[in-house]
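The file start28.csv comes next; it holds CSV, C-alpha atoms.
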```csv
chain,number,residue,atom,x,y,z
A,26,MET,CA,19.8,-26.3,10.6
A,27,SER,CA,22.2,-25.5,13.4
A,28,LEU,CA,25.9,-24.8,12.7
A,29,SER,CA,27.8,-25.9,15.8
A,30,ASP,CA,31.5,-26.5,16.6
A,31,ASP,CA,30.6,-30.2,17.2
A,32,GLY,CA,30.1,-30.8,13.5
A,33,GLY,CA,26.4,-31.3,13.8
A,34,TYR,CA,26.4,-34.0,16.5
A,35,GLY,CA,25.2,-31.6,19.3
A,36,GLY,CA,26.6,-31.5,22.8
A,37,ASP,CA,28.0,-34.3,24.9
A,38,GLY,CA,24.5,-35.1,26.2
A,39,HIS,CA,23.6,-36.5,22.8
A,40,ARG,CA,26.4,-39.0,22.6
A,41,GLY,CA,24.7,-41.8,24.6
A,42,SER,CA,26.5,-44.1,26.9
A,43,GLU,CA,30.4,-43.9,26.8
A,44,THR,CA,30.6,-47.7,27.0
A,45,GLY,CA,31.2,-49.4,23.6
A,46,GLN,CA,30.7,-46.2,21.5
A,47,THR,CA,33.2,-44.2,19.6
A,48,ARG,CA,32.9,-41.0,17.5
A,49,THR,CA,35.1,-40.3,14.5
A,50,ARG,CA,36.0,-36.7,13.7
A,51,LEU,CA,36.9,-36.1,10.0
A,52,PRO,CA,40.0,-34.0,9.6
A,53,ASP,CA,39.7,-30.4,8.4
A,54,ASN,CA,43.0,-30.5,6.6
A,55,ASP,CA,45.7,-32.9,5.6
A,56,GLY,CA,46.9,-34.2,8.9
A,57,ASP,CA,46.5,-37.1,11.2
A,58,ILE,CA,43.3,-38.9,10.0
A,59,TYR,CA,42.1,-39.2,13.6
A,60,GLY,CA,42.2,-35.4,14.1
A,61,SER,CA,43.5,-33.7,17.1
A,62,GLY,CA,40.6,-34.2,19.4
A,63,ARG,CA,38.0,-31.7,20.6
A,64,ARG,CA,38.9,-28.1,20.0
A,65,PRO,CA,37.8,-25.2,22.2
A,66,ARG,CA,34.3,-23.8,21.6
A,67,ALA,CA,35.7,-20.3,21.5
A,68,GLY,CA,37.2,-21.0,18.1
A,69,MET,CA,35.5,-21.5,14.7
A,70,SER,CA,36.6,-24.3,12.4
A,71,SER,CA,37.5,-23.4,8.8
A,72,ARG,CA,34.7,-25.7,7.6
A,73,ASN,CA,32.1,-23.8,9.6
A,74,LEU,CA,33.5,-20.5,8.4
A,75,VAL,CA,33.3,-21.6,4.8
A,76,THR,CA,29.7,-22.8,5.3
A,77,ILE,CA,28.6,-19.5,6.9
A,78,VAL,CA,30.3,-17.5,4.1
A,79,GLY,CA,28.6,-19.7,1.5
A,80,VAL,CA,25.2,-19.2,3.1
A,81,ILE,CA,25.7,-15.4,3.1
A,82,VAL,CA,26.8,-15.3,-0.5
A,83,LEU,CA,23.7,-17.4,-1.6
A,84,LEU,CA,21.4,-15.1,0.4
A,85,LEU,CA,22.8,-12.0,-1.2
A,86,ALA,CA,22.5,-13.5,-4.6
A,87,ALA,CA,18.9,-14.5,-4.0
A,88,ILE,CA,18.0,-11.0,-2.8
A,89,ALA,CA,19.7,-9.4,-5.9
A,90,PHE,CA,17.9,-11.8,-8.2
A,91,ALA,CA,14.5,-11.0,-6.6
A,92,ASN,CA,15.1,-7.3,-6.8
A,93,ARG,CA,15.7,-7.6,-10.6
A,94,GLY,CA,12.1,-8.4,-11.2
A,95,GLY,CA,10.8,-4.8,-11.1
A,96,SER,CA,14.0,-2.8,-11.7
A,97,GLY,CA,13.6,-2.2,-15.4
A,98,ASN,CA,12.4,1.0,-17.0
A,99,SER,CA,9.7,-0.7,-19.1
A,100,GLU,CA,6.3,-1.8,-17.9
A,101,THR,CA,4.5,-5.1,-18.7
A,102,SER,CA,0.9,-5.0,-19.5
A,103,PRO,CA,-1.5,-7.9,-18.9
A,104,GLN,CA,-1.3,-8.6,-22.6
A,105,ASP,CA,2.4,-9.2,-22.3
A,106,SER,CA,2.0,-11.7,-19.4
A,107,PRO,CA,-1.1,-13.8,-19.9
A,108,LYS,CA,-0.2,-16.1,-17.0
A,109,ASP,CA,-0.6,-13.1,-14.7
A,110,ALA,CA,-4.1,-12.2,-15.9
A,111,GLY,CA,-6.6,-11.7,-13.0
A,112,HIS,CA,-3.8,-11.4,-10.4
A,113,ALA,CA,-2.5,-8.3,-8.7
A,114,GLN,CA,0.8,-7.1,-10.1
A,115,PRO,CA,3.7,-6.5,-7.7
A,116,THR,CA,4.5,-3.0,-6.5
A,117,ALA,CA,8.2,-3.2,-7.5
A,118,PRO,CA,9.5,0.1,-8.8
A,119,THR,CA,9.3,0.5,-12.6
A,120,GLY,CA,11.9,3.3,-12.9
A,121,THR,CA,9.2,5.7,-14.1
A,122,LYS,CA,8.4,8.7,-12.0
A,123,PRO,CA,4.8,8.2,-10.9
A,124,ALA,CA,3.8,11.9,-10.8
A,125,THR,CA,5.7,15.0,-12.0
A,126,GLY,CA,3.8,17.8,-10.2
A,127,LYS,CA,0.6,18.9,-8.4
A,128,THR,CA,-2.6,20.6,-9.5
A,129,GLY,CA,-4.7,22.1,-6.7
A,130,GLY,CA,-2.6,20.2,-4.2
A,131,ILE,CA,-3.4,16.9,-5.9
A,132,ALA,CA,-0.7,14.8,-7.6
A,133,SER,CA,-0.6,15.2,-11.4
A,134,GLY,CA,1.6,14.5,-14.4
A,135,PHE,CA,1.1,10.7,-14.4
A,136,ALA,CA,2.7,8.5,-16.9
A,137,LYS,CA,0.7,7.4,-20.0
A,138,THR,CA,0.9,3.8,-19.0
A,139,GLU,CA,-1.3,1.2,-17.2
A,140,GLN,CA,0.5,1.8,-14.0
A,141,GLY,CA,0.3,5.6,-14.4
A,142,ALA,CA,-3.5,5.2,-14.8
A,143,GLN,CA,-3.6,3.2,-11.6
A,144,SER,CA,-1.6,5.8,-9.7
A,145,ALA,CA,-3.9,8.5,-11.0
A,146,ALA,CA,-7.1,6.6,-9.9
A,147,ALA,CA,-5.7,6.0,-6.4
A,148,ASN,CA,-4.9,9.7,-5.9
A,149,TYR,CA,-8.2,10.8,-7.3
A,150,ALA,CA,-10.1,8.5,-5.0
A,151,VAL,CA,-8.4,10.2,-2.1
A,152,ALA,CA,-9.2,13.7,-3.4
A,153,LEU,CA,-12.8,12.9,-4.1
A,154,THR,CA,-13.3,11.5,-0.6
A,155,SER,CA,-11.4,14.2,1.3
A,156,ASP,CA,-12.9,16.8,3.6
A,157,GLY,CA,-12.1,19.4,1.0
A,158,MET,CA,-15.2,18.3,-0.9
A,159,TYR,CA,-17.4,19.8,1.7
A,160,GLN,CA,-16.5,23.4,1.2
A,161,ALA,CA,-17.0,25.2,-2.1
A,162,ALA,CA,-13.5,26.5,-2.7
A,163,GLY,CA,-11.8,23.2,-2.1
A,164,ARG,CA,-14.5,21.3,-4.0
A,165,HIS,CA,-14.0,23.4,-7.1
A,166,GLU,CA,-10.2,23.0,-7.0
A,167,ILE,CA,-10.6,19.2,-6.7
A,168,ALA,CA,-13.1,19.0,-9.6
A,169,LYS,CA,-10.8,21.1,-11.9
A,170,ALA,CA,-7.8,18.9,-11.0
A,171,VAL,CA,-9.5,15.5,-11.3
A,172,TYR,CA,-12.1,15.7,-14.1
A,173,ALA,CA,-11.4,15.8,-17.8
A,174,PRO,CA,-12.1,19.3,-19.3
A,175,SER,CA,-15.0,18.0,-21.4
A,176,VAL,CA,-16.9,17.0,-18.2
A,177,ALA,CA,-15.4,19.3,-15.5
A,178,ALA,CA,-18.1,22.0,-15.6
A,179,ALA,CA,-21.0,19.6,-15.5
A,180,ARG,CA,-19.4,17.5,-12.7
A,181,LYS,CA,-18.8,20.7,-10.7
A,182,ASN,CA,-22.4,21.6,-10.8
A,183,ASP,CA,-23.5,18.1,-9.8
A,184,LEU,CA,-21.1,18.1,-6.9
A,185,ASP,CA,-22.3,21.6,-5.7
A,186,LYS,CA,-25.9,20.3,-5.6
A,187,VAL,CA,-24.9,17.4,-3.3
A,188,TYR,CA,-22.3,19.0,-1.0
A,189,SER,CA,-24.0,22.4,-0.5
A,190,ASP,CA,-27.3,20.8,0.6
A,191,HIS,CA,-27.9,22.2,4.1
A,192,ALA,CA,-30.0,19.2,5.1
A,193,PHE,CA,-27.3,16.8,4.1
A,194,LEU,CA,-24.6,18.8,5.9
A,195,GLY,CA,-26.7,19.0,9.0
A,196,ARG,CA,-27.2,15.2,9.1
A,197,ILE,CA,-23.5,14.6,9.2
A,198,GLY,CA,-23.0,17.4,11.9
A,199,LEU,CA,-21.5,20.1,9.7
A,200,LYS,CA,-22.4,23.8,9.6
A,201,PRO,CA,-24.1,25.2,6.4
A,202,ASP,CA,-20.8,26.3,5.0
A,203,GLY,CA,-19.4,22.7,5.3
A,204,SER,CA,-17.1,23.5,8.3
A,205,ALA,CA,-17.0,21.6,11.6
A,206,PRO,CA,-18.6,23.0,14.7
A,207,LYS,CA,-16.3,24.6,17.3
A,208,GLY,CA,-14.3,22.0,19.2
A,209,MET,CA,-14.8,19.3,16.6
A,210,THR,CA,-12.6,17.9,13.9
A,211,PHE,CA,-14.2,16.7,10.7
A,212,VAL,CA,-12.6,13.5,9.3
A,213,SER,CA,-13.1,12.3,5.7
A,214,ARG,CA,-10.2,10.3,4.5
A,215,ALA,CA,-9.7,7.5,2.0
A,216,ASN,CA,-6.9,4.9,2.5
A,217,PRO,CA,-6.3,3.0,-0.8
A,218,VAL,CA,-5.4,-0.7,-0.3
A,219,GLY,CA,-4.9,-1.5,-4.0
A,220,THR,CA,-5.8,-0.9,-7.6
A,221,LYS,CA,-6.8,-3.1,-10.4
A,222,THR,CA,-7.0,-2.5,-14.2
A,223,GLU,CA,-10.4,-3.4,-15.6
A,224,ALA,CA,-9.5,-2.2,-19.1
A,225,PHE,CA,-6.7,-0.3,-20.7
A,226,LYS,CA,-6.3,0.8,-24.3
A,227,GLY,CA,-4.3,3.8,-25.6
A,228,ASP,CA,-6.0,7.0,-24.4
A,229,THR,CA,-8.6,5.3,-22.1
A,230,ALA,CA,-8.6,3.2,-19.0
A,231,LYS,CA,-11.0,1.7,-16.5
A,232,ILE,CA,-9.4,1.3,-13.0
A,233,SER,CA,-10.9,0.1,-9.8
A,234,VAL,CA,-9.6,1.3,-6.4
A,235,TRP,CA,-10.3,-0.6,-3.2
A,236,TYR,CA,-10.0,1.5,-0.1
A,237,SER,CA,-11.1,2.0,3.5
A,238,ALA,CA,-12.6,5.3,4.5
A,239,LEU,CA,-12.6,7.2,7.8
A,240,PHE,CA,-15.6,9.5,8.3
A,241,GLY,CA,-17.2,11.4,11.1
A,242,LEU,CA,-16.7,14.2,13.7
A,243,ALA,CA,-14.0,13.7,16.3
A,244,GLY,CA,-14.9,15.5,19.5
A,245,THR,CA,-16.1,14.8,23.0
A,246,ASP,CA,-19.7,15.9,22.2
A,247,SER,CA,-19.8,14.3,18.7
A,248,LYS,CA,-23.1,12.6,17.7
A,249,ASN,CA,-21.4,11.3,14.6
A,250,PRO,CA,-18.1,9.7,15.7
A,251,VAL,CA,-15.5,8.7,13.3
A,252,THR,CA,-16.2,5.2,11.8
A,253,GLU,CA,-14.5,3.0,9.2
A,254,SER,CA,-16.1,1.8,5.9
A,255,TRP,CA,-14.9,-0.1,2.9
A,256,TYR,CA,-15.6,0.8,-0.8
A,257,THR,CA,-14.5,0.1,-4.3
A,258,ASN,CA,-14.6,3.0,-6.8
A,259,THR,CA,-14.3,2.2,-10.5
A,260,PHE,CA,-13.0,5.2,-12.6
A,261,ASP,CA,-13.3,5.8,-16.3
A,262,LEU,CA,-10.1,7.7,-17.2
A,263,GLN,CA,-9.2,9.6,-20.4
A,264,TRP,CA,-5.8,10.9,-21.5
A,265,ALA,CA,-6.4,14.7,-21.8
A,266,ASP,CA,-4.0,17.6,-21.8
A,267,GLY,CA,-1.1,15.3,-21.0
A,268,ASP,CA,-2.5,13.6,-18.0
A,269,TRP,CA,-5.1,11.0,-16.9
A,270,LYS,CA,-8.4,12.6,-16.0
A,271,VAL,CA,-11.7,11.2,-14.8
A,272,THR,CA,-14.8,11.2,-17.0
A,273,ASN,CA,-17.0,9.1,-14.7
A,274,PHE,CA,-16.9,6.8,-11.7
A,275,THR,CA,-19.1,4.4,-9.8
A,276,GLN,CA,-18.9,3.3,-6.2
A,277,LYS,CA,-19.9,0.1,-4.4
A,278,ASP,CA,-19.6,-1.2,-0.9
A,279,GLY,CA,-16.8,-3.5,0.2
A,280,PRO,CA,-15.2,-5.9,0.2
A,281,ALA,CA,-15.2,-5.3,3.9
A,282,PRO,CA,-13.1,-7.4,6.3
A,283,ILE,CA,-14.3,-8.7,9.6
A,284,GLY,CA,-13.8,-6.0,12.2
A,285,ARG,CA,-11.3,-6.8,15.0
A,286,ASP,CA,-12.4,-6.7,18.6
A,287,GLN,CA,-10.3,-3.6,19.2
A,288,ALA,CA,-11.0,-0.7,21.7
A,289,ALA,CA,-12.1,2.5,19.9
A,290,ALA,CA,-9.8,5.5,20.4
A,291,SER,CA,-11.0,8.4,22.5
A,292,ALA,CA,-12.1,11.6,20.8
A,293,GLU,CA,-8.9,13.3,21.8
A,294,ASP,CA,-6.7,10.5,20.5
A,295,MET,CA,-8.6,10.4,17.2
A,296,THR,CA,-8.3,14.2,16.8
A,297,HIS,CA,-4.6,14.1,17.4
A,298,ALA,CA,-4.1,11.2,15.0
A,299,VAL,CA,-6.0,12.9,12.2
A,300,GLN,CA,-4.2,16.2,12.7
A,301,GLY,CA,-0.8,14.6,13.2
A,302,PHE,CA,-0.6,11.9,10.5
A,303,GLY,CA,-0.5,13.2,7.0
A,304,GLY,CA,-1.6,11.4,3.8
A,305,PHE,CA,0.4,10.0,0.9
A,306,THR,CA,0.8,10.4,-2.8
A,307,TYR,CA,-0.1,6.9,-4.1
A,308,ALA,CA,1.9,5.3,-6.9
A,309,ARG,CA,2.1,1.9,-8.7
```
Reformat the file's structure so that it appears as structure tokens.
Amino acid sequence: MSLSDDGGYGGDGHRGSETGQTRTRLPDNDGDIYGSGRRPRAGMSSRNLVTIVGVIVLLLAAIAFANRGGSGNSETSPQDSPKDAGHAQPTAPTGTKPATGKTGGIASGFAKTEQGAQSAAANYAVALTSDGMYQAAGRHEIAKAVYAPSVAAARKNDLDKVYSDHAFLGRIGLKPDGSAPKGMTFVSRANPVGTKTEAFKGDTAKISVWYSALFGLAGTDSKNPVTESWYTNTFDLQWADGDWKVTNFTQKDGPAPIGRDQAAASAEDMTHAVQGFGGFTYAR
């Protein structure tokens, strides 16, 4: 809809032939019923001013109403809203701080709620996919921060067997200690797209995290350039020592979107991007 000084009739070009036609202007106030003729375009009628103010007031009211949806301090579980079952929940703020600290550089202190479990799973997916997993010191810190105490020792041993395998490291272009060759930048980074609650009950939760992953070596002589893949990890979480911790997880491919016909970055640009763009603490 267009608000114009012509009261919605448009310009003179829309009036048709001058012969046999008249146009009535309704008065804006108590005066001569025939009005006072056309007013200059530079001015704004009181009617149009009231209309514009009214539109602005309605717009502000709509925005305020929409923002009320997630501004409460309490959270709603799928059991509280059956009509939302199976649908992704909005990311409006809940008023609950998502994480209160860090453990080994990984967010910790998640709320004992469904959304707190989703936040934990997203951050744990990032940690378990990071380049820190390929060197012993970083891997042990991650295992200690992510896994429940009851399984941490066993999971650390399992991870050591996989990530310290020289043949495995050689296939992806890393040195025996898990570091990148000189002049190369190793990239292993997860980018969560969303989370979904599969089950939630008291001290346990099952959360799926859908994410894209960048993996490879950035460098002019790289034989394993950085590529993108898509995965879904499903985490079994347990409330232990005042936080959500992983007891087990599974991984499957996809869902993967159709790749866009987009020129790949040069090795130099990819290196600068990885080194220049930091990651996030993820929260629901």
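For the set A:Tyr172, A:Tyr236, A:Tyr159, A:Phe274, the residue with the smallest atom-to-atom gap to A:Ser133 is A:Tyr172, counting only C-alpha atoms.
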(request) Kindly give the distance, in Å, that separates atom CA of A:Leu239 and atom CA of A:Ser144, rounded to a single decimal. (result) 20.7 Å
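The nearest approach to A:Gly141 among the residues A:Ser291, A:Thr220, A:Ser213, A:Asn249, with all atoms listed in the file taken into account, belongs to A:Thr220.
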(message) Would you pick out the contacts of A:Ala161 at 12 Å or less, using all atoms listed in the file, so that residues sharing its chain but fewer than 4 positions from it are not included, and give the list as a list of chain:residue names?
(response)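 Once the nearby chain positions are removed, what remains is A:Asp156, A:Gly157, A:His165, A:Glu166, A:Ile167, A:Ala168, A:Lys181, A:Asn182, A:Leu184, A:Asp185, A:Lys186, A:Val187, A:Tyr188, A:Ser189, A:Asp190, A:Pro201, A:Asp202, A:Gly203, A:Ser204.
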(message) For A:Ala298, find every residue with an atom within 12 Å (counting all atoms listed in the file), except residues of its own chain fewer than 6 positions away, and show them as an MDAnalysis selection string.
(response) chainID A and resid 210 212 239 243 251 290:292 304
(message) One number please: atom CA of A:Thr222 to atom CA of A:Thr257, in Å, one decimal.
(response)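 Atom CA of A:Thr222 sits 12.7 Å away from atom CA of A:Thr257.
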(message) Which polymer residues, whether protein, DNA or RNA, lie within 12 Å of the coordinate (-16.0, -1.1, 11.7) when you count only C-alpha atoms? List them as an MDAnalysis selection string, using the chain letters and numbers from the file.
(response) chainID A and resid 237:240 250:255 279 281:289
(request) Identify which of the residues A:Lys221, A:Arg180, A:Lys248, A:Lys137 lies closest to A:Asp266, counting all atoms listed in the file when measuring atom-to-atom distances. (result) A:Lys137
(request) Work out how far atom CA of A:Tyr256 is from atom CA of A:Phe211, in Å to one decimal. (result) 19.7 Å
(request) Compare A:Ala152, A:His191, A:Val299, A:Lys122 by their minimum atom-to-atom distance to A:Pro217, counting all atoms listed in the file, and give me the closest one. (result)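 Checking each candidate against A:Pro217, we get A:Ala152 as the closest.
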(request) Compare A:Gly219, A:Gly303, A:Pro174, A:Gly198 by their minimum atom-to-atom distance to A:Ala150, counting all atoms listed in the file, and give me the closest one. (result)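 Comparing A:Gly219, A:Gly303, A:Pro174, A:Gly198 against A:Ala150, the winner is A:Gly219.
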(request) Go through A:Met295, A:Ile197, A:Ala215, A:Ile232 one by one, measure the shortest atom-to-atom distance of each to A:Trp269 using all atoms listed in the file, and give the residue with the smallest value. (result)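 Of A:Met295, A:Ile197, A:Ala215, A:Ile232, the one nearest A:Trp269 is A:Ile232, counting all atoms listed in the file.
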(request) Determine, counting all atoms listed in the file, which protein, DNA and RNA residues have an atom within 9 Å of an atom of stretch 124-127 of chain A; residues of the same chain fewer than 3 positions away are not included. Present the result as an MDAnalysis selection string. (result) chainID A and resid 121 130:136 141 144:145 170 306 308
